[in-house]
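Each remark here refers to the structure printed beneath this line.
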Amino acid sequence: DCPNVVSESVPGPKGKAMTQNLDKEMDSRTHQVWVDLEKSLGNYLCDADGNVLLDCFQHISSLPLGYNHPLMMERSTSPQWIRHLVQRPAIGVMPSTDWPDVMQVLRRLQPAGLDQIATICGCGSGSIENAFKLCFLYKAAQMRGKEFMANPTAAGISADCQQSCMVNQAPGSPNFRVLSFEGAFHGRTLGTLSATRSKWVHKI
């Protein structure tokens with residue numbers, strides 16, 4: 001039956017003991033519950049004490065298909081998937097020979113009207129950091145003119161810009177800003193934290 005709580009509290013005694021033990025190695029003050037990844041399924045999380053809970057958090061919305069989705073589990077055992085996980089090629093410098101095949105799959109999934117794909121993985125914060133970067137690059141290219149946007153080369157960037165950006169000064173590093181809203185949470189990396197305004201404890 002789902003959900004099903006078998007301990008008197010959540011987390012139960014086993015989960016509490018595990019957190020207390022882990023606290024010797026790392027700061028565990030933000031821990032809420034331990035997840036048994038083997039027993040969790042779909043939208044339901046099984047914790048260390050055997051409680052089965054409806055998981056609305058889904059690891060910061062990173063599991064849109066839930067835990068242990070059969071097709072995801074099946075495909076993740078394919079040789080191609082394993083090769084990319086183990087080697088993790090530097091796509092921008094040394095893409096793998098089967099990368100064009102991967103791109104064709106992504107193109108079938110991309111929303112209509114979008115003709116560019118940015119493969120940004122790792123975590124939500126990393127995606128947002130790269131979104132900031134893409135916005136800044138696009139704005140800087142706009143400032144340099146249509147010709148530069150059509151053919152961005154070093155020839156279109158002044159020596160002053162090339163030198164000043166190396167010390168984070170204008171004009172090479174313009175004073176761009178990101179607009180964020182009160183209550184927003186974008187992440188805890190340096191760039192995303194500058195736009196996060198949900199809890200002071202994240203920023204002190």
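Labels for the structure tokens follow display order: chains A, B, ..., residues from 1 in each chain, ligands from 1.
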task: Could you give me, as a ChimeraX atom specification, the residues within 10 Å of Glu38 of chain A, counting only C-alpha atoms and dropping anything in the same chain fewer than 3 positions from it?
output: /A:35,41,45-46,67-68
Restricting it to N, CA and C atoms, dump the selection as an mmCIF file, in the first residue's frame.
data_model
loop_
_atom_site.group_PDB
_atom_site.id
_atom_site.type_symbol
_atom_site.label_atom_id
_atom_site.label_comp_id
_atom_site.auth_asym_id
_atom_site.auth_seq_id
_atom_site.Cartn_x
_atom_site.Cartn_y
_atom_site.Cartn_z
ATOM 1 N N VAL A 35 16.950 7.977 1.438
ATOM 2 C CA VAL A 35 16.228 7.341 0.337
ATOM 3 C C VAL A 35 16.855 5.985 0.014
ATOM 4 N N LEU A 41 10.064 3.581 -5.980
ATOM 5 C CA LEU A 41 9.494 3.314 -7.299
ATOM 6 C C LEU A 41 8.506 4.408 -7.687
ATOM 7 N N LEU A 45 8.775 7.160 -2.510
ATOM 8 C CA LEU A 45 10.098 7.039 -1.915
ATOM 9 C C LEU A 45 10.027 6.062 -0.751
ATOM 10 N N CYS A 46 10.970 5.151 -0.703
ATOM 11 C CA CYS A 46 11.106 4.256 0.445
ATOM 12 C C CYS A 46 12.308 4.727 1.242
ATOM 13 N N TYR A 67 11.237 7.282 -9.638
ATOM 14 C CA TYR A 67 12.301 6.332 -9.311
ATOM 15 C C TYR A 67 12.191 5.052 -10.149
ATOM 16 N N ASN A 68 13.353 4.555 -10.565
ATOM 17 C CA ASN A 68 13.466 3.234 -11.195
ATOM 18 C C ASN A 68 12.470 3.007 -12.329
#
message: Just want the 8 Å neighbourhood of segment 115-127 of chain A, counted on only C-alpha atoms, with same-chain residues fewer than 5 positions away dropped. Output as an MDAnalysis selection string.
response: chainID A and resid 106:107 110 186:189 192
Go ahead and save the residues from that selection, with N, CA and C atoms, as a PDB file, in the first residue's frame.
ATOM      1  N   LEU A 106      18.347  13.940 -29.714  1.00  0.00           N
ATOM      2  CA  LEU A 106      17.962  15.184 -29.052  1.00  0.00           C
ATOM      3  C   LEU A 106      17.129  16.066 -29.976  1.00  0.00           C
ATOM      4  N   ARG A 107      17.454  16.066 -31.250  1.00  0.00           N
ATOM      5  CA  ARG A 107      16.702  16.899 -32.203  1.00  0.00           C
ATOM      6  C   ARG A 107      15.250  16.439 -32.317  1.00  0.00           C
ATOM      7  N   GLN A 110      13.550  18.102 -29.213  1.00  0.00           N
ATOM      8  CA  GLN A 110      13.570  19.541 -28.957  1.00  0.00           C
ATOM      9  C   GLN A 110      12.245  20.195 -29.363  1.00  0.00           C
ATOM     10  N   HIS A 186      17.457  29.699  -7.050  1.00  0.00           N
ATOM     11  CA  HIS A 186      18.050  29.270  -8.316  1.00  0.00           C
ATOM     12  C   HIS A 186      19.222  28.320  -8.137  1.00  0.00           C
ATOM     13  N   GLY A 187      19.725  28.189  -6.917  1.00  0.00           N
ATOM     14  CA  GLY A 187      20.842  27.282  -6.683  1.00  0.00           C
ATOM     15  C   GLY A 187      21.813  27.855  -5.674  1.00  0.00           C
ATOM     16  N   ARG A 188      22.878  27.078  -5.430  1.00  0.00           N
ATOM     17  CA  ARG A 188      23.845  27.466  -4.403  1.00  0.00           C
ATOM     18  C   ARG A 188      25.262  27.607  -4.941  1.00  0.00           C
ATOM     19  N   THR A 189      25.444  27.500  -6.264  1.00  0.00           N
ATOM     20  CA  THR A 189      26.745  27.818  -6.832  1.00  0.00           C
ATOM     21  C   THR A 189      26.895  29.341  -6.834  1.00  0.00           C
ATOM     22  N   THR A 192      24.471  31.347  -9.338  1.00  0.00           N
ATOM     23  CA  THR A 192      23.054  31.203  -9.035  1.00  0.00           C
ATOM     24  C   THR A 192      22.722  31.742  -7.653  1.00  0.00           C
TER      25      THR A 192
END
Spatial neighbours of segment 69-80 of chain A, max dist 10 Å, only C-alpha atoms, sep filter under 4 positions, as number ranges by chain: A: 41-43, 63-65, 84-85, 98, 102
Using only C-alpha atoms: which of A:Trp99, A:Trp81, A:Phe132, A:Phe148 has the shortest distance to Leu190 of chain A: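 For Leu190 of chain A, the nearest of the candidates is A:Phe132.
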- request: Please give the complete set of residues from segment 25-195 of chain A that DSSP, run on the backbone, assigns to helix (DSSP H, G or I), formatted as a ChimeraX atom specification.
  value: /A:58-61,70-75,79-87,99-109,124-144,146-150,154-156,159-167,190-195
Using the selection just defined, write its residues with C-alpha atoms as a short mmCIF file (atom, residue, chain, number, x, y, z; two decimals), in the first residue's frame.
data_model
loop_
_atom_site.label_atom_id
_atom_site.label_comp_id
_atom_site.auth_asym_id
_atom_site.auth_seq_id
_atom_site.Cartn_x
_atom_site.Cartn_y
_atom_site.Cartn_z
CA GLN A 58 11.84 14.31 -6.64
CA HIS A 59 15.39 15.48 -5.93
CA ILE A 60 14.72 19.10 -6.90
CA SER A 61 12.50 17.99 -9.82
CA PRO A 70 11.60 0.52 -16.23
CA LEU A 71 12.53 2.04 -19.60
CA MET A 72 15.17 4.32 -18.04
CA MET A 73 16.65 1.38 -16.16
CA GLU A 74 16.69 -0.72 -19.34
CA ARG A 75 18.26 1.96 -21.54
CA PRO A 79 26.81 -0.10 -24.02
CA GLN A 80 26.48 3.39 -25.56
CA TRP A 81 25.07 4.87 -22.35
CA ILE A 82 27.74 3.21 -20.21
CA ARG A 83 30.56 4.38 -22.51
CA HIS A 84 29.45 8.00 -22.18
CA LEU A 85 29.01 7.73 -18.40
CA VAL A 86 32.40 6.14 -17.83
CA GLN A 87 34.42 8.28 -20.23
CA TRP A 99 27.89 12.00 -30.76
CA PRO A 100 26.10 12.90 -34.04
CA ASP A 101 23.76 9.96 -33.37
CA VAL A 102 23.05 11.31 -29.88
CA MET A 103 22.33 14.75 -31.35
CA GLN A 104 19.81 13.24 -33.76
CA VAL A 105 17.92 11.80 -30.79
CA LEU A 106 17.96 15.18 -29.05
CA ARG A 107 16.70 16.90 -32.20
CA ARG A 108 13.64 14.65 -32.22
CA LEU A 109 12.89 15.81 -28.67
CA GLY A 124 20.02 22.58 -12.08
CA SER A 125 22.48 25.17 -10.79
CA GLY A 126 24.86 24.33 -13.61
CA SER A 127 22.09 24.77 -16.15
CA ILE A 128 21.17 28.16 -14.72
CA GLU A 129 24.81 29.26 -14.60
CA ASN A 130 25.09 28.42 -18.29
CA ALA A 131 21.80 30.21 -19.01
CA PHE A 132 23.28 33.34 -17.42
CA LYS A 133 26.38 32.89 -19.55
CA LEU A 134 24.41 32.42 -22.79
CA CYS A 135 22.34 35.54 -22.07
CA PHE A 136 25.47 37.61 -21.41
CA LEU A 137 27.17 36.28 -24.55
CA TYR A 138 24.11 37.08 -26.66
CA LYS A 139 23.82 40.60 -25.24
CA ALA A 140 27.53 41.25 -25.75
CA ALA A 141 27.26 40.04 -29.35
CA GLN A 142 24.28 42.38 -29.89
CA MET A 143 26.35 45.28 -28.60
CA ARG A 144 29.12 44.43 -31.06
CA LYS A 146 24.94 42.29 -36.49
CA GLU A 147 28.11 41.50 -38.43
CA PHE A 148 29.75 40.07 -35.32
CA MET A 149 26.65 38.03 -34.47
CA ALA A 150 26.68 36.52 -37.97
CA ALA A 154 38.44 37.49 -32.52
CA ALA A 155 38.83 40.05 -35.31
CA GLY A 156 35.57 41.64 -34.17
CA ALA A 159 42.44 44.59 -28.10
CA ASP A 160 41.13 46.70 -25.22
CA CYS A 161 38.24 44.26 -24.70
CA GLN A 162 40.55 41.26 -24.94
CA GLN A 163 42.91 42.65 -22.31
CA SER A 164 40.35 44.14 -19.90
CA CYS A 165 38.27 40.96 -19.69
CA MET A 166 41.30 39.12 -18.30
CA VAL A 167 41.11 41.28 -15.16
CA LEU A 190 28.37 31.25 -6.90
CA GLY A 191 26.47 32.65 -9.87
CA THR A 192 23.05 31.20 -9.04
CA LEU A 193 23.43 32.14 -5.38
CA SER A 194 23.73 35.79 -6.41
CA ALA A 195 20.19 35.50 -7.85
#
message: Here is a test: counting only C-alpha atoms, which residue of A:Thr19, A:Thr196, A:Trp34, A:Ser96 is nearest to Leu179 of chain A?
response: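 Of the candidates, the smallest distance to Leu179 of chain A is held by A:Thr196.
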